[in-house]
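The structure appears below as structure tokens.
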Amino acid sequence: MIIDSIRRYAEDIRTLRRANPTNLEQAAAPHFQRLLEALLAALLERPPVVVPEFRTPGIGRPDLVLAYPGQPPRAFVELKSPTKPDDPSRYRDRHDKEQFERFKCLPIWSVSNFSHLRTFRREEPVDFVQIVPATALEPDTPDSTANRLIASVDVAALQHAIAPLAL
């Protein structure tokens with residue numbers, strides 16, 4: 001089930017990239033949200049709700065927030081273009097660097113470039129995982145090649161990496 005969700009996710013991202021959107025991060029965010037929801041549903045009987053574009057005063061607007069109804073946000077996810085590094089310490093863009101510094105005050109949060117996910121507890125790294133091989137998201141990668149690459153995804157490691165976001 002999880003591998004099927006990852007396959008659909010990668011196929012959707014490849015299709016989207018072939019259309020050459022002007023803001024790839026924003027265009028791909030709903031696909032990441034659906035994948036995250038599927039991963040959480042496979043992990044928990046009652047997963048948190050994934051809310052897009054949640055305003056956090058003084059910090060910014062993380063792309064996704066995980067929350068249970070009637071409770072404050074549990075975790076935050078910031079998405080970066082697939083062309084950006086998977087390690088925030090390697091960001092070159094001033095906006096990204098400043099945002100990374102602000103997000104360090106969040107209790108639990110992650111940053112993803114759509115192929116990798118890096119989780120933090122405040123500024124301390126908690127986990128790093130490959131969601132899908134980056135090549136499987138490239139617009140010129142054939143479906144058969146992408147599916148072969150996705151078959152090697154470590155689902156247990158992926159579930160372990162997202163668990164802190166939900167628990």
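The way I read the labels, and the way they are meant: chains A, B, ... in the order of the structure tokens, residue 1 as the first residue of every chain, and ligand 1 as the first ligand shown, with later ones counted on from there.
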For Asp127 of chain A, please output as a ChimeraX atom specification all residues within 10 Å (counting only C-alpha atoms; exclusion window: fewer than 4 positions along the same chain). /A:110,117-121,157-158,160-162,164
Those selected residues, please, written with N, CA, C and O atoms and delivered as a tab-separated table (two decimals), in the first residue's frame.
chain	number	residue	atom	x	y	z
A	110	SER	N	9.87	19.40	10.03
A	110	SER	CA	10.64	18.75	8.97
A	110	SER	C	10.77	19.68	7.79
A	110	SER	O	9.96	20.59	7.59
A	117	LEU	N	13.43	13.75	3.41
A	117	LEU	CA	12.77	14.40	4.54
A	117	LEU	C	13.77	14.45	5.69
A	117	LEU	O	14.38	13.43	6.04
A	118	ARG	N	13.93	15.63	6.25
A	118	ARG	CA	14.84	15.83	7.38
A	118	ARG	C	14.00	16.38	8.53
A	118	ARG	O	13.34	17.39	8.38
A	119	THR	N	14.00	15.68	9.66
A	119	THR	CA	13.18	16.05	10.81
A	119	THR	C	14.06	16.62	11.93
A	119	THR	O	15.16	16.12	12.16
A	120	PHE	N	13.52	17.64	12.60
A	120	PHE	CA	14.23	18.32	13.68
A	120	PHE	C	13.34	18.42	14.91
A	120	PHE	O	12.13	18.53	14.80
A	121	ARG	N	13.96	18.42	16.06
A	121	ARG	CA	13.32	18.79	17.31
A	121	ARG	C	14.02	20.08	17.70
A	121	ARG	O	15.16	20.07	18.11
A	157	ALA	N	12.00	2.74	7.37
A	157	ALA	CA	12.77	3.95	7.69
A	157	ALA	C	11.92	5.20	7.45
A	157	ALA	O	11.98	6.16	8.23
A	158	LEU	N	11.13	5.18	6.41
A	158	LEU	CA	10.25	6.31	6.11
A	158	LEU	C	9.20	6.47	7.21
A	158	LEU	O	8.97	7.59	7.70
A	160	HIS	N	9.46	5.46	10.29
A	160	HIS	CA	10.20	5.87	11.49
A	160	HIS	C	10.48	7.37	11.46
A	160	HIS	O	10.39	8.05	12.49
A	161	ALA	N	10.80	7.90	10.29
A	161	ALA	CA	11.13	9.33	10.16
A	161	ALA	C	9.91	10.23	10.32
A	161	ALA	O	10.05	11.35	10.81
A	162	ILE	N	8.74	9.75	9.89
A	162	ILE	CA	7.55	10.62	10.02
A	162	ILE	C	6.86	10.43	11.36
A	162	ILE	O	6.06	11.28	11.75
A	164	PRO	N	7.78	10.94	14.48
A	164	PRO	CA	7.85	12.07	15.41
A	164	PRO	C	6.90	13.23	15.06
A	164	PRO	O	6.50	13.98	15.93
List the neighbours of Asn20 of chain A out to 12 Å using only C-alpha atoms; skip same-chain residues closer than 6 positions along the sequence, and give me the result as an mmCIF file with all heavy atoms, in the first residue's frame.
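So selection-v7.cif came out as:
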data_model
loop_
_atom_site.group_PDB
_atom_site.id
_atom_site.type_symbol
_atom_site.label_atom_id
_atom_site.label_comp_id
_atom_site.auth_asym_id
_atom_site.auth_seq_id
_atom_site.Cartn_x
_atom_site.Cartn_y
_atom_site.Cartn_z
ATOM 1 N N ILE A 13 4.465 13.797 -9.597
ATOM 2 C CA ILE A 13 5.517 14.819 -9.613
ATOM 3 C C ILE A 13 6.202 14.847 -10.983
ATOM 4 O O ILE A 13 6.449 15.927 -11.533
ATOM 5 C CB ILE A 13 6.547 14.583 -8.486
ATOM 6 C CG1 ILE A 13 5.893 14.655 -7.110
ATOM 7 C CG2 ILE A 13 7.712 15.577 -8.599
ATOM 8 C CD1 ILE A 13 5.323 15.994 -6.712
ATOM 9 N N ARG A 14 6.477 13.691 -11.567
ATOM 10 C CA ARG A 14 7.090 13.658 -12.906
ATOM 11 C C ARG A 14 6.177 14.330 -13.926
ATOM 12 O O ARG A 14 6.628 15.140 -14.747
ATOM 13 C CB ARG A 14 7.384 12.208 -13.341
ATOM 14 C CG ARG A 14 8.565 11.588 -12.667
ATOM 15 C CD ARG A 14 9.013 10.287 -13.340
ATOM 16 N NE ARG A 14 7.950 9.313 -13.542
ATOM 17 C CZ ARG A 14 7.503 8.469 -12.621
ATOM 18 N NH1 ARG A 14 8.012 8.475 -11.407
ATOM 19 N NH2 ARG A 14 6.555 7.601 -12.907
ATOM 20 N N ALA A 27 3.266 24.025 -6.721
ATOM 21 C CA ALA A 27 2.484 23.110 -7.552
ATOM 22 C C ALA A 27 2.540 21.677 -7.033
ATOM 23 O O ALA A 27 1.558 20.936 -7.107
ATOM 24 C CB ALA A 27 2.977 23.173 -8.996
ATOM 25 N N ALA A 28 3.678 21.282 -6.482
ATOM 26 C CA ALA A 28 3.851 19.900 -6.025
ATOM 27 C C ALA A 28 3.362 19.679 -4.595
ATOM 28 O O ALA A 28 3.183 18.531 -4.173
ATOM 29 C CB ALA A 28 5.325 19.505 -6.137
ATOM 30 N N GLU A 138 12.373 12.896 -11.581
ATOM 31 C CA GLU A 138 12.831 13.657 -12.750
ATOM 32 C C GLU A 138 11.845 13.493 -13.904
ATOM 33 O O GLU A 138 11.346 12.389 -14.144
ATOM 34 C CB GLU A 138 14.218 13.188 -13.193
ATOM 35 C CG GLU A 138 15.325 13.489 -12.207
ATOM 36 C CD GLU A 138 15.580 14.972 -12.082
ATOM 37 O OE1 GLU A 138 15.418 15.709 -13.078
ATOM 38 O OE2 GLU A 138 15.956 15.408 -10.968
ATOM 39 N N PRO A 139 11.553 14.582 -14.624
ATOM 40 C CA PRO A 139 10.538 14.518 -15.681
ATOM 41 C C PRO A 139 10.872 13.562 -16.824
ATOM 42 O O PRO A 139 9.970 13.020 -17.444
ATOM 43 C CB PRO A 139 10.449 15.958 -16.188
ATOM 44 C CG PRO A 139 11.670 16.641 -15.696
ATOM 45 C CD PRO A 139 12.127 15.913 -14.474
#
Quick one: residues within 10 Å of Gln159 of chain A, only C-alpha atoms, excluding same-chain residues fewer than 5 positions away - as a PyMOL selection string? chain A and resi 2+39-40+42-43+129+131+154+164
Restricting the output to N, CA and C atoms, write the selected residues as an mmCIF file, in the first residue's frame.
data_model
loop_
_atom_site.group_PDB
_atom_site.id
_atom_site.type_symbol
_atom_site.label_atom_id
_atom_site.label_comp_id
_atom_site.auth_asym_id
_atom_site.auth_seq_id
_atom_site.Cartn_x
_atom_site.Cartn_y
_atom_site.Cartn_z
ATOM 1 N N ILE A 2 1.869 1.311 0.892
ATOM 2 C CA ILE A 2 2.719 2.495 0.962
ATOM 3 C C ILE A 2 3.524 2.650 -0.320
ATOM 4 N N LEU A 39 0.874 8.052 4.324
ATOM 5 C CA LEU A 39 1.871 7.490 5.237
ATOM 6 C C LEU A 39 1.371 7.520 6.682
ATOM 7 N N LEU A 40 0.760 8.623 7.068
ATOM 8 C CA LEU A 40 0.233 8.750 8.430
ATOM 9 C C LEU A 40 -0.907 7.767 8.672
ATOM 10 N N ALA A 42 -1.290 4.887 7.323
ATOM 11 C CA ALA A 42 -0.724 3.540 7.443
ATOM 12 C C ALA A 42 -0.026 3.349 8.786
ATOM 13 N N LEU A 43 0.386 4.447 9.393
ATOM 14 C CA LEU A 43 1.141 4.393 10.640
ATOM 15 C C LEU A 43 0.248 4.443 11.876
ATOM 16 N N VAL A 129 15.634 10.831 5.949
ATOM 17 C CA VAL A 129 15.237 9.654 5.182
ATOM 18 C C VAL A 129 14.995 10.031 3.716
ATOM 19 N N ILE A 131 12.619 9.675 0.806
ATOM 20 C CA ILE A 131 11.217 9.342 0.535
ATOM 21 C C ILE A 131 11.151 8.518 -0.738
ATOM 22 N N ASP A 154 13.023 2.152 1.531
ATOM 23 C CA ASP A 154 12.944 1.547 2.858
ATOM 24 C C ASP A 154 11.713 2.117 3.572
ATOM 25 N N PRO A 164 7.780 10.943 14.477
ATOM 26 C CA PRO A 164 7.852 12.070 15.413
ATOM 27 C C PRO A 164 6.903 13.228 15.059
#
Selection: 8 Å around segment 46-63 of chain A, only C-alpha atoms, excl. self and same-chain fewer than 6 positions, as a ChimeraX atom specification: /A:29,33,36-37,40,69,76-79,99,102-103,166
Hey, what does DSSP flag as strand (DSSP E) within chain A? Can you give it to me as a PyMOL selection string? chain A and resi 49-52+64-67+75-79+109-112+116-121+124-130
For the atom pair atom CA of Gly70 of chain A and atom CA of Glu45 of chain A, what is the interatomic distance in Å to one decimal place?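 Separation between atom CA of Gly70 of chain A and atom CA of Glu45 of chain A: 18.0 Å.
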Which residues in segment 46-155 of chain A does DSSP call helix (DSSP H, G or I)? List them as JSON, numbers by chain. {"A": [88, 89, 90, 94, 95, 96, 97, 98, 99, 100, 101, 102, 103, 134, 135, 136, 137, 143, 144, 145, 146, 147, 148, 149, 150, 155]}
Non-local contacts of Pro88 of chain A (12 Å; only C-alpha atoms; under 3 positions in same chain excluded) as a compact mmCIF listing (two decimals) with C-alpha atoms, in the first residue's frame:
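Everything below was put into result_14.txt:
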# COMPACT_ATOMS: atom_id res chain seq x y z
CA GLU A 78 8.40 23.05 5.09
CA LEU A 79 8.71 22.11 1.43
CA LYS A 80 11.53 23.19 -0.84
CA LYS A 84 17.28 22.64 -3.66
CA PRO A 85 19.59 20.71 -1.33
CA TYR A 91 20.94 26.60 1.53
CA ARG A 92 22.36 29.53 -0.44
CA ASP A 93 19.21 31.62 -0.84
CA ARG A 94 18.84 34.28 1.89
CA HIS A 95 15.11 33.62 2.33
CA ASP A 96 15.69 29.89 2.84
CA LYS A 97 18.51 30.49 5.33
CA GLU A 98 16.45 32.97 7.37
CA GLN A 99 13.43 30.68 7.30
CA PHE A 100 15.55 27.77 8.52
CA GLU A 101 16.78 29.89 11.43
CA PHE A 103 11.89 27.33 12.18
CA LYS A 104 14.53 26.14 14.66
CA SER A 110 10.64 18.75 8.97
CA VAL A 111 11.94 20.08 5.72
CA SER A 112 11.61 18.22 2.44
CA ASN A 113 12.77 18.72 -1.12
CA HIS A 116 14.15 13.50 1.13
CA LEU A 117 12.77 14.40 4.54
CA ARG A 118 14.84 15.83 7.38
CA THR A 119 13.18 16.05 10.81
CA PHE A 120 14.23 18.32 13.68
CA GLU A 123 17.39 22.86 16.03
CA PRO A 125 18.36 16.81 13.85
CA PHE A 128 16.80 11.94 7.75
For atom CA of Leu44 of chain A and atom CA of Thr135 of chain A, the interatomic separation in Å (one decimal):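 Result for atom CA of Leu44 of chain A versus atom CA of Thr135 of chain A: 29.4 Å, one decimal.
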How far is it from atom CA of Tyr68 of chain A to atom CA of Pro30 of chain A, in Å with one decimal?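 For atom CA of Tyr68 of chain A relative to atom CA of Pro30 of chain A, the distance reads 19.3 Å.
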A:Leu66, A:Leu35, A:Ala75, A:Ile3 ranked by distance to Ser152 of chain A, top pick (using only C-alpha atoms): A:Ile3
A:Pro107, A:Pro21, A:Asp4, A:Glu11: which is nearest Val126 of chain A, counting only C-alpha atoms?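 Nearest to Val126 of chain A: A:Pro107.
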